[in-house]
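Student: Pasting protein.txt below, which is compact mmCIF, C-alpha atoms and all ligand atoms.
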# COMPACT_ATOMS: atom_id res chain seq x y z
CA MET G 1 34.12 -86.72 -58.54
CA LYS G 2 32.46 -89.42 -56.53
CA ILE G 3 34.21 -91.59 -53.99
CA ARG G 4 33.29 -94.77 -52.16
CA PHE G 5 35.06 -96.31 -49.19
CA TRP G 6 35.77 -100.06 -49.46
CA GLY G 7 38.16 -100.25 -46.50
CA THR G 8 38.64 -97.77 -43.67
CA ARG G 9 40.60 -99.74 -41.06
CA GLY G 10 44.28 -99.33 -40.31
CA SER G 11 46.95 -101.93 -39.67
CA ILE G 12 44.96 -105.19 -39.85
CA PRO G 13 41.48 -106.34 -40.89
CA THR G 14 39.06 -106.35 -37.97
CA PRO G 15 35.95 -108.42 -38.78
CA GLY G 16 33.53 -108.95 -35.91
CA PRO G 17 30.43 -107.64 -34.20
CA SER G 18 32.03 -104.47 -32.81
CA THR G 19 33.15 -103.20 -36.24
CA VAL G 20 30.23 -104.02 -38.55
CA ARG G 21 29.11 -100.43 -39.09
CA TYR G 22 32.43 -98.72 -39.88
CA GLY G 23 33.90 -101.89 -41.35
CA GLY G 24 36.85 -104.19 -40.83
CA ASN G 25 38.54 -104.07 -44.24
CA THR G 26 41.80 -102.19 -44.61
CA ALA G 27 42.49 -99.10 -46.71
CA CYS G 28 40.82 -98.77 -50.11
CA VAL G 29 38.91 -95.89 -51.73
CA GLU G 30 37.27 -95.86 -55.16
CA VAL G 31 37.37 -92.52 -57.01
CA ARG G 32 35.33 -91.84 -60.17
CA ASP G 33 35.31 -88.74 -62.30
CA SER G 34 32.21 -87.52 -64.13
CA THR G 35 32.91 -89.87 -67.06
CA GLY G 36 33.16 -92.88 -64.74
CA ALA G 37 36.95 -93.26 -65.09
CA LEU G 38 38.32 -95.19 -62.11
CA LEU G 39 41.19 -94.33 -59.78
CA VAL G 40 41.74 -96.53 -56.72
CA LEU G 41 43.51 -95.25 -53.62
CA ASP G 42 45.33 -98.06 -51.82
CA ALA G 43 44.89 -101.80 -52.09
CA GLY G 44 44.05 -103.03 -48.60
CA THR G 45 41.58 -105.86 -48.15
CA GLY G 46 38.75 -103.55 -49.22
CA LEU G 47 40.08 -103.86 -52.78
CA ARG G 48 38.78 -107.43 -52.91
CA GLU G 49 35.19 -106.27 -52.53
CA LEU G 50 35.64 -103.44 -55.04
CA GLY G 51 36.83 -106.07 -57.52
CA ILE G 52 33.81 -108.26 -56.88
CA ALA G 53 31.48 -105.29 -57.37
CA MET G 54 33.22 -104.39 -60.64
CA MET G 55 32.97 -107.96 -61.99
CA ASN G 56 29.32 -108.23 -60.98
CA GLY G 57 28.48 -104.96 -62.70
CA GLY G 58 30.76 -105.42 -65.68
CA SER G 59 29.25 -108.38 -67.59
CA GLY G 60 32.46 -109.40 -69.31
CA ARG G 61 33.81 -106.02 -70.30
CA ALA G 62 37.44 -105.00 -69.89
CA PHE G 63 38.43 -102.75 -67.01
CA ASP G 64 40.91 -99.92 -67.00
CA VAL G 65 42.23 -99.51 -63.46
CA ASP G 66 44.72 -96.97 -62.12
CA LEU G 67 45.78 -97.75 -58.57
CA LEU G 68 47.75 -95.34 -56.38
CA LEU G 69 49.51 -96.90 -53.37
CA SER G 70 50.35 -94.65 -50.42
CA HIS G 71 53.04 -97.15 -49.34
CA LEU G 72 53.70 -100.86 -49.05
CA HIS G 73 52.62 -101.77 -45.53
CA TRP G 74 50.37 -104.84 -45.56
CA ASP G 75 47.16 -102.96 -44.82
CA HIS G 76 47.65 -101.03 -48.09
CA ILE G 77 48.58 -103.88 -50.48
CA GLN G 78 47.02 -107.13 -49.29
CA GLY G 79 44.02 -106.84 -51.59
CA ILE G 80 46.08 -106.98 -54.80
CA PRO G 81 46.26 -110.82 -55.09
CA PHE G 82 42.50 -110.99 -54.43
CA PHE G 83 41.44 -108.28 -56.91
CA ARG G 84 39.43 -110.23 -59.46
CA PRO G 85 39.98 -107.85 -62.40
CA ALA G 86 43.71 -108.73 -62.06
CA TYR G 87 42.79 -112.19 -63.36
CA ASP G 88 41.12 -110.84 -66.50
CA PRO G 89 43.48 -110.74 -69.53
CA LYS G 90 41.27 -108.14 -71.26
CA SER G 91 41.75 -105.64 -68.45
CA ARG G 92 44.54 -103.20 -67.66
CA LEU G 93 45.95 -102.49 -64.20
CA ARG G 94 48.44 -99.71 -63.63
CA ILE G 95 49.91 -99.56 -60.13
CA ILE G 96 51.72 -96.41 -59.05
CA GLY G 97 53.45 -96.06 -55.69
CA PRO G 98 56.28 -94.31 -53.90
CA LYS G 99 59.82 -94.98 -55.02
CA GLN G 100 61.61 -97.39 -52.66
CA SER G 101 65.17 -98.62 -52.23
CA ARG G 102 64.28 -101.56 -54.52
CA THR G 103 61.90 -101.47 -57.46
CA LEU G 104 58.23 -101.39 -56.58
CA LYS G 105 57.66 -104.40 -58.81
CA ASP G 106 60.26 -106.48 -56.92
CA LEU G 107 58.77 -105.53 -53.57
CA LEU G 108 55.14 -106.16 -54.53
CA GLY G 109 56.23 -109.41 -56.15
CA MET G 110 57.92 -110.64 -52.97
CA GLY G 111 54.60 -110.86 -51.17
CA MET G 112 53.18 -113.03 -53.93
CA ASP G 113 56.22 -115.28 -54.38
CA ASP G 114 56.21 -118.90 -53.34
CA PRO G 115 55.59 -119.88 -50.54
CA PHE G 116 53.55 -116.79 -49.58
CA PHE G 117 51.01 -116.94 -52.43
CA PRO G 118 50.40 -119.40 -55.28
CA VAL G 119 50.30 -116.87 -58.15
CA ALA G 120 53.43 -114.82 -58.91
CA ILE G 121 52.87 -111.18 -59.80
CA ASP G 122 54.22 -111.78 -63.33
CA ASP G 123 51.63 -114.53 -63.80
CA LEU G 124 48.65 -112.28 -63.17
CA PRO G 125 46.66 -112.40 -66.43
CA VAL G 126 45.84 -108.66 -66.41
CA ARG G 127 47.92 -106.27 -68.53
CA LEU G 128 49.96 -104.99 -65.59
CA SER G 129 52.26 -102.01 -65.35
CA ILE G 130 53.98 -100.76 -62.21
CA GLU G 131 55.39 -97.27 -61.91
CA GLU G 132 57.10 -95.27 -59.21
CA MET G 133 56.31 -91.74 -58.11
CA THR G 134 58.51 -89.35 -56.18
CA ASP G 135 57.95 -86.36 -53.91
CA GLY G 136 56.52 -83.29 -55.62
CA SER G 137 55.33 -85.12 -58.70
CA ASP G 138 52.54 -83.54 -60.74
CA GLN G 139 51.23 -85.82 -63.46
CA ARG G 140 48.19 -87.06 -65.30
CA VAL G 141 46.79 -90.44 -64.33
CA GLY G 142 43.98 -91.04 -66.80
CA PRO G 143 41.74 -87.99 -66.55
CA PHE G 144 42.95 -87.24 -63.03
CA ARG G 145 45.72 -84.81 -62.16
CA VAL G 146 47.80 -86.18 -59.27
CA HIS G 147 50.23 -84.26 -57.06
CA SER G 148 52.33 -86.10 -54.48
CA SER G 149 54.11 -85.26 -51.26
CA THR G 150 56.41 -87.44 -49.20
CA ILE G 151 54.98 -87.93 -45.73
CA PHE G 152 56.52 -88.90 -42.39
CA HIS G 153 56.02 -92.64 -41.84
CA PRO G 154 58.29 -95.61 -40.99
CA ALA G 155 58.33 -96.62 -44.69
CA PRO G 156 58.57 -94.51 -47.87
CA ALA G 157 55.07 -93.08 -48.26
CA LEU G 158 53.22 -90.49 -50.33
CA ALA G 159 50.11 -88.41 -49.84
CA TYR G 160 48.20 -87.53 -53.00
CA ARG G 161 46.12 -84.63 -54.19
CA VAL G 162 43.71 -85.76 -56.91
CA GLU G 163 41.96 -83.23 -59.14
CA ALA G 164 39.25 -83.78 -61.74
CA ASP G 165 36.07 -82.02 -62.86
CA GLY G 166 37.36 -78.84 -61.20
CA ARG G 167 37.27 -80.50 -57.76
CA SER G 168 40.02 -81.65 -55.42
CA LEU G 169 40.51 -84.56 -53.06
CA VAL G 170 43.53 -85.20 -50.83
CA TYR G 171 44.43 -88.66 -49.57
CA ALA G 172 46.82 -88.45 -46.60
CA THR G 173 46.92 -91.67 -44.65
CA ASP G 174 49.72 -93.05 -42.48
CA THR G 175 51.16 -89.62 -41.72
CA GLU G 176 52.83 -88.59 -38.47
CA ASP G 177 53.85 -85.27 -39.95
CA ALA G 178 52.00 -83.23 -37.34
CA PHE G 179 54.44 -84.60 -34.76
CA SER G 180 57.63 -84.66 -36.82
CA GLY G 181 58.89 -81.26 -35.71
CA ARG G 182 59.13 -80.24 -39.36
CA PRO G 183 56.71 -78.27 -41.57
CA ASN G 184 53.76 -80.52 -42.35
CA PRO G 185 53.65 -81.15 -46.14
CA VAL G 186 50.02 -82.25 -45.94
CA ILE G 187 48.91 -78.67 -45.21
CA PRO G 188 50.15 -77.11 -48.50
CA LEU G 189 49.12 -80.26 -50.41
CA SER G 190 45.59 -79.87 -49.03
CA ALA G 191 45.25 -76.10 -49.50
CA ASP G 192 41.58 -75.26 -50.19
CA ALA G 193 40.78 -78.86 -51.16
CA ASN G 194 37.13 -79.84 -51.27
CA THR G 195 37.73 -83.03 -49.28
CA LEU G 196 40.67 -84.27 -47.20
CA ILE G 197 40.84 -87.96 -46.26
CA HIS G 198 43.24 -88.00 -43.31
CA ASP G 199 44.75 -90.56 -40.99
CA ALA G 200 43.02 -90.39 -37.60
CA GLN G 201 44.20 -93.60 -36.02
CA PHE G 202 44.80 -92.22 -32.54
CA LEU G 203 43.26 -90.04 -29.88
CA PRO G 204 45.65 -87.87 -27.87
CA SER G 205 45.17 -90.37 -25.02
CA ASP G 206 46.44 -93.37 -26.98
CA PHE G 207 48.89 -91.68 -29.37
CA LYS G 208 52.01 -93.75 -30.03
CA ALA G 209 54.97 -91.76 -31.27
CA THR G 210 57.00 -93.23 -34.16
CA TRP G 211 54.16 -95.51 -35.31
CA GLY G 212 53.57 -93.15 -38.22
CA HIS G 213 50.02 -91.97 -37.53
CA SER G 214 48.00 -88.91 -36.62
CA THR G 215 45.50 -88.11 -33.92
CA VAL G 216 41.95 -86.97 -34.60
CA ASP G 217 42.91 -83.56 -33.20
CA SER G 218 45.93 -83.20 -35.46
CA ALA G 219 43.80 -84.17 -38.48
CA ILE G 220 41.35 -81.39 -37.57
CA ASP G 221 44.26 -78.98 -37.20
CA VAL G 222 45.51 -79.83 -40.71
CA ALA G 223 42.01 -79.41 -42.14
CA VAL G 224 41.60 -76.00 -40.47
CA LYS G 225 45.00 -74.73 -41.56
CA ALA G 226 44.48 -75.96 -45.13
CA ARG G 227 40.95 -74.46 -45.25
CA VAL G 228 39.42 -77.68 -46.61
CA GLY G 229 35.67 -78.04 -46.96
CA ARG G 230 35.34 -81.53 -45.57
CA LEU G 231 37.55 -83.73 -43.42
CA VAL G 232 37.14 -87.51 -43.52
CA LEU G 233 38.65 -89.34 -40.53
CA TYR G 234 40.28 -92.52 -41.86
CA HIS G 235 42.58 -95.45 -41.02
CA HIS G 236 40.77 -96.34 -37.81
CA ASP G 237 42.70 -98.05 -35.06
CA PRO G 238 42.01 -101.81 -35.09
CA TYR G 239 40.95 -101.58 -31.43
CA ARG G 240 38.35 -98.86 -32.15
CA SER G 241 34.74 -100.08 -31.89
CA ASP G 242 31.78 -98.69 -33.81
CA ASP G 243 30.50 -97.03 -30.64
CA ALA G 244 33.88 -95.39 -30.03
CA LEU G 245 33.92 -94.10 -33.63
CA ASP G 246 30.41 -92.65 -33.16
CA ARG G 247 31.72 -90.69 -30.18
CA ILE G 248 34.88 -89.64 -32.04
CA GLY G 249 32.77 -88.33 -34.92
CA ARG G 250 30.55 -86.23 -32.64
CA ASP G 251 33.47 -84.84 -30.66
CA ALA G 252 35.46 -84.09 -33.81
CA GLN G 253 32.59 -82.17 -35.43
CA ARG G 254 32.16 -80.14 -32.24
CA ALA G 255 35.89 -79.36 -32.11
CA ALA G 256 35.89 -78.42 -35.80
CA ASN G 257 32.91 -76.08 -35.33
CA GLU G 258 34.92 -74.11 -32.76
CA ARG G 259 37.95 -73.80 -35.02
CA ARG G 260 36.38 -73.27 -38.44
CA PRO G 261 32.60 -73.05 -38.74
CA GLY G 262 31.43 -74.84 -41.89
CA LEU G 263 34.14 -77.51 -41.80
CA GLU G 264 32.29 -80.80 -42.17
CA VAL G 265 33.76 -83.83 -40.39
CA VAL G 266 32.88 -87.34 -41.53
CA VAL G 267 34.04 -90.65 -40.09
CA ALA G 268 34.91 -92.99 -42.97
CA ARG G 269 32.90 -96.20 -43.05
CA GLU G 270 32.72 -99.03 -45.53
CA GLY G 271 30.15 -98.35 -48.21
CA LEU G 272 30.09 -94.59 -47.60
CA GLU G 273 29.78 -92.63 -50.84
CA LEU G 274 30.62 -88.95 -51.05
CA GLU G 275 30.27 -86.39 -53.81
CA ILE G 276 33.43 -84.30 -53.92
ZN ZN G 301 48.29 -98.28 -42.69
ZN ZN G 302 51.78 -97.75 -42.80
Would you write out, as structure tokens, the structure that this file holds?
Tutor:
Amino acid sequence: MKIRFWGTRGSIPTPGPSTVRYGGNTACVEVRDSTGALLVLDAGTGLRELGIAMMNGGSGRAFDVDLLLSHLHWDHIQGIPFFRPAYDPKSRLRIIGPKQSRTLKDLLGMGMDDPFFPVAIDDLPVRLSIEEMTDGSDQRVGPFRVHSSTIFHPAPALAYRVEADGRSLVYATDTEDAFSGRPNPVIPLSADANTLIHDAQFLPSDFKATWGHSTVDSAIDVAVKARVGRLVLYHHDPYRSDDALDRIGRDAQRAANERRPGLEVVVAREGLELEI
């Protein structure tokens, strides 16, 4: 598998001179298997730029897009109305997200209803399907095998383990499980994974309980306990500057070296591509 980060920021887009290197777009990761099949993780504002790149490289061909949503907070869905392939009637878009108290389609549609947006979700030209996933699911999504776990967050949310080509990637954003007082479901979900993309919004010094996020230290702890090969720090706090993230990356690698030599720590930045 290959992945590319299109949005790494948490909570709200943060354009500006202090965030140009790690990026200001919110959560979105492109995943490709060896055949080029596409799976998108979250639909924050980074999804807009993924869509532009697809259209520019596609020269009129139809796209087949599977999109997994971790949950419905704005920073994970705001790119959907601006995803250009969604305006292509030849293309197919399948959105899968955690089961809510109302249907996922109703809830995603609310954000696009008048007067919030001029195009209703049912009027998107793409061949759209919307499906719900529950805790402990294990299913095929295109060529990818996807396992899910409910995570501790102020809204219904799932972490996903994605497997293809004999490799494994875990996407665990917006998780406060390390502080929930209960067994952390991200650890078994991530067992021996090649790469773990993990929420690292806070440092211990600015941690805010009940906001639904992890600290860098707790992300390292999960990675060590799950014996993953690589940890990607993700969902950066909107107040975190590029310079602060440079420091966080260095400190995190040093801390990881002490706990589990060989554990690679990477700070997610827009445009970063990784081979899984
Ligand atoms: Zn978020
Ligand atoms: Zn959230």
Student: For Gly136 (chain G), work out the shell of residues within 10 Å, counting all atoms listed in the file and skipping chain neighbours fewer than 6 positions away, then give it as a PyMOL selection string.
Tutor: chain G and resi 146-150+158+160+189
Student: Which of these, G:Phe202, G:Phe179, G:Tyr234, G:Phe83, has the shortest distance to Leu272 (chain G) once you count only C-alpha atoms?
Tutor: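 Closest residue, counting only C-alpha atoms: G:Tyr234.
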Student: Which is closer to Gly97 (chain G) than all the others in G:Val224, G:His73, G:Gly7, G:Pro81, using only C-alpha atoms?
Tutor: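 For Gly97 (chain G), the nearest of the candidates is G:His73.
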Student: Residues up to 6 Å from ligand ZN 301 (chain G), counting only C-alpha atoms and all ligand atoms: could you list those as a list in words?
Tutor: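 Here is the list of contacting residues: Gly10, Ser11, Asp75 and Asp174 of chain G.
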Student: Ranking G:Ile151, G:Val216, G:Leu128, G:Leu169 by minimum distance to Leu41 (chain G) and counting only C-alpha atoms, which one comes first?
Tutor: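 Ranked by minimum distance to Leu41 (chain G), first place goes to G:Leu169.
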Student: Could you work out how far CA of Arg240 (chain G) lies from CA of Phe152 (chain G), giving the answer in Å with one decimal?
Tutor: 23.1 Å
Student: Taking only C-alpha atoms and all ligand atoms into account, list the residues no farther than 12 Å from ligand ZN 302 (chain G), as a PyMOL selection string.
Tutor: chain G and resi 9-12+26-27+42+44+69-77+151-159+172-176+199+201+210-214+235+237
Student: Just write the chosen residues, C-alpha atoms, as a PDB file, keeping the file's coordinate frame.
Tutor:
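Contents of out-v9.pdb, freshly written:
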ATOM      1  CA  ARG G   9      40.600 -99.740 -41.060  1.00  0.00           C
ATOM      2  CA  GLY G  10      44.280 -99.330 -40.310  1.00  0.00           C
ATOM      3  CA  SER G  11      46.950-101.930 -39.670  1.00  0.00           C
ATOM      4  CA  ILE G  12      44.960-105.190 -39.850  1.00  0.00           C
ATOM      5  CA  THR G  26      41.800-102.190 -44.610  1.00  0.00           C
ATOM      6  CA  ALA G  27      42.490 -99.100 -46.710  1.00  0.00           C
ATOM      7  CA  ASP G  42      45.330 -98.060 -51.820  1.00  0.00           C
ATOM      8  CA  GLY G  44      44.050-103.030 -48.600  1.00  0.00           C
ATOM      9  CA  LEU G  69      49.510 -96.900 -53.370  1.00  0.00           C
ATOM     10  CA  SER G  70      50.350 -94.650 -50.420  1.00  0.00           C
ATOM     11  CA  HIS G  71      53.040 -97.150 -49.340  1.00  0.00           C
ATOM     12  CA  LEU G  72      53.700-100.860 -49.050  1.00  0.00           C
ATOM     13  CA  HIS G  73      52.620-101.770 -45.530  1.00  0.00           C
ATOM     14  CA  TRP G  74      50.370-104.840 -45.560  1.00  0.00           C
ATOM     15  CA  ASP G  75      47.160-102.960 -44.820  1.00  0.00           C
ATOM     16  CA  HIS G  76      47.650-101.030 -48.090  1.00  0.00           C
ATOM     17  CA  ILE G  77      48.580-103.880 -50.480  1.00  0.00           C
ATOM     18  CA  ILE G 151      54.980 -87.930 -45.730  1.00  0.00           C
ATOM     19  CA  PHE G 152      56.520 -88.900 -42.390  1.00  0.00           C
ATOM     20  CA  HIS G 153      56.020 -92.640 -41.840  1.00  0.00           C
ATOM     21  CA  PRO G 154      58.290 -95.610 -40.990  1.00  0.00           C
ATOM     22  CA  ALA G 155      58.330 -96.620 -44.690  1.00  0.00           C
ATOM     23  CA  PRO G 156      58.570 -94.510 -47.870  1.00  0.00           C
ATOM     24  CA  ALA G 157      55.070 -93.080 -48.260  1.00  0.00           C
ATOM     25  CA  LEU G 158      53.220 -90.490 -50.330  1.00  0.00           C
ATOM     26  CA  ALA G 159      50.110 -88.410 -49.840  1.00  0.00           C
ATOM     27  CA  ALA G 172      46.820 -88.450 -46.600  1.00  0.00           C
ATOM     28  CA  THR G 173      46.920 -91.670 -44.650  1.00  0.00           C
ATOM     29  CA  ASP G 174      49.720 -93.050 -42.480  1.00  0.00           C
ATOM     30  CA  THR G 175      51.160 -89.620 -41.720  1.00  0.00           C
ATOM     31  CA  GLU G 176      52.830 -88.590 -38.470  1.00  0.00           C
ATOM     32  CA  ASP G 199      44.750 -90.560 -40.990  1.00  0.00           C
ATOM     33  CA  GLN G 201      44.200 -93.600 -36.020  1.00  0.00           C
ATOM     34  CA  THR G 210      57.000 -93.230 -34.160  1.00  0.00           C
ATOM     35  CA  TRP G 211      54.160 -95.510 -35.310  1.00  0.00           C
ATOM     36  CA  GLY G 212      53.570 -93.150 -38.220  1.00  0.00           C
ATOM     37  CA  HIS G 213      50.020 -91.970 -37.530  1.00  0.00           C
ATOM     38  CA  SER G 214      48.000 -88.910 -36.620  1.00  0.00           C
ATOM     39  CA  HIS G 235      42.580 -95.450 -41.020  1.00  0.00           C
ATOM     40  CA  ASP G 237      42.700 -98.050 -35.060  1.00  0.00           C
TER      41      ASP G 237
END
Student: Check the smallest atom-to-atom distance from each of G:Arg254, G:Thr8, G:Gly142, G:Val65 to Arg21 (chain G) using all atoms listed in the file, then report the winner.
Tutor: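 Selected residue with least distance to Arg21 (chain G): G:Thr8.
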Student: Report the distance between CA of Ala62 (chain G) and CA of Leu124 (chain G) in Å, rounded to one decimal place.
Tutor: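 Computed distance, CA of Ala62 (chain G) to CA of Leu124 (chain G), equals 15.0 Å.
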Student: I'd like the contact shell of Arg250 (chain G) - 12 Å cut-off, only C-alpha atoms, skipping same-chain residues fewer than 2 positions apart - returned as a ChimeraX atom specification.
Tutor: /G:216,233,243-248,252-257,264-267
Student: Identify which of the residues G:Arg230, G:Lys2, G:Arg260, G:Arg48 lies closest to Arg32 (chain G), counting only C-alpha atoms when measuring atom-to-atom distances.
Tutor: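 Among G:Arg230, G:Lys2, G:Arg260, G:Arg48, it is G:Lys2 that comes nearest to Arg32 (chain G).
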Student: Work out how far apart CA of Ile197 (chain G) and CA of Tyr239 (chain G) are and give it in Å to one decimal.
Tutor: 20.1 Å
Student: Might you pull out every residue within 10 Å of Leu67 (chain G), with all atoms listed in the file counted and same-chain residues fewer than 4 positions away left off, and present them as an NGL selection string?
Tutor: :G and (28-30 or 38-43 or 80 or 93-97 or 130 or 141)
Student: Can you work out which one of G:Ser180, G:Asn25, G:Ser168, G:Thr215 has the shortest atom-to-atom distance to Ala193 (chain G), counting all atoms listed in the file?
Tutor: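 When distances to Ala193 (chain G) are compared using all atoms listed in the file, the smallest one comes from G:Ser168.
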Student: Need the shell around region 98-105 of chain G: protein/DNA/RNA residues with any atom at most 6 Å away, counting all atoms listed in the file. Skip same-chain ones fewer than 2 positions apart. Format as a ChimeraX atom specification?
Tutor: /G:107-109,132-134,157
Student: Residues within 7 Å of region 87-90 of chain G, please, as a ChimeraX atom specification. Count only C-alpha atoms; anything in the same chain fewer than 2 positions from it doesn't count.
Tutor: /G:62,84-85,92,124-127
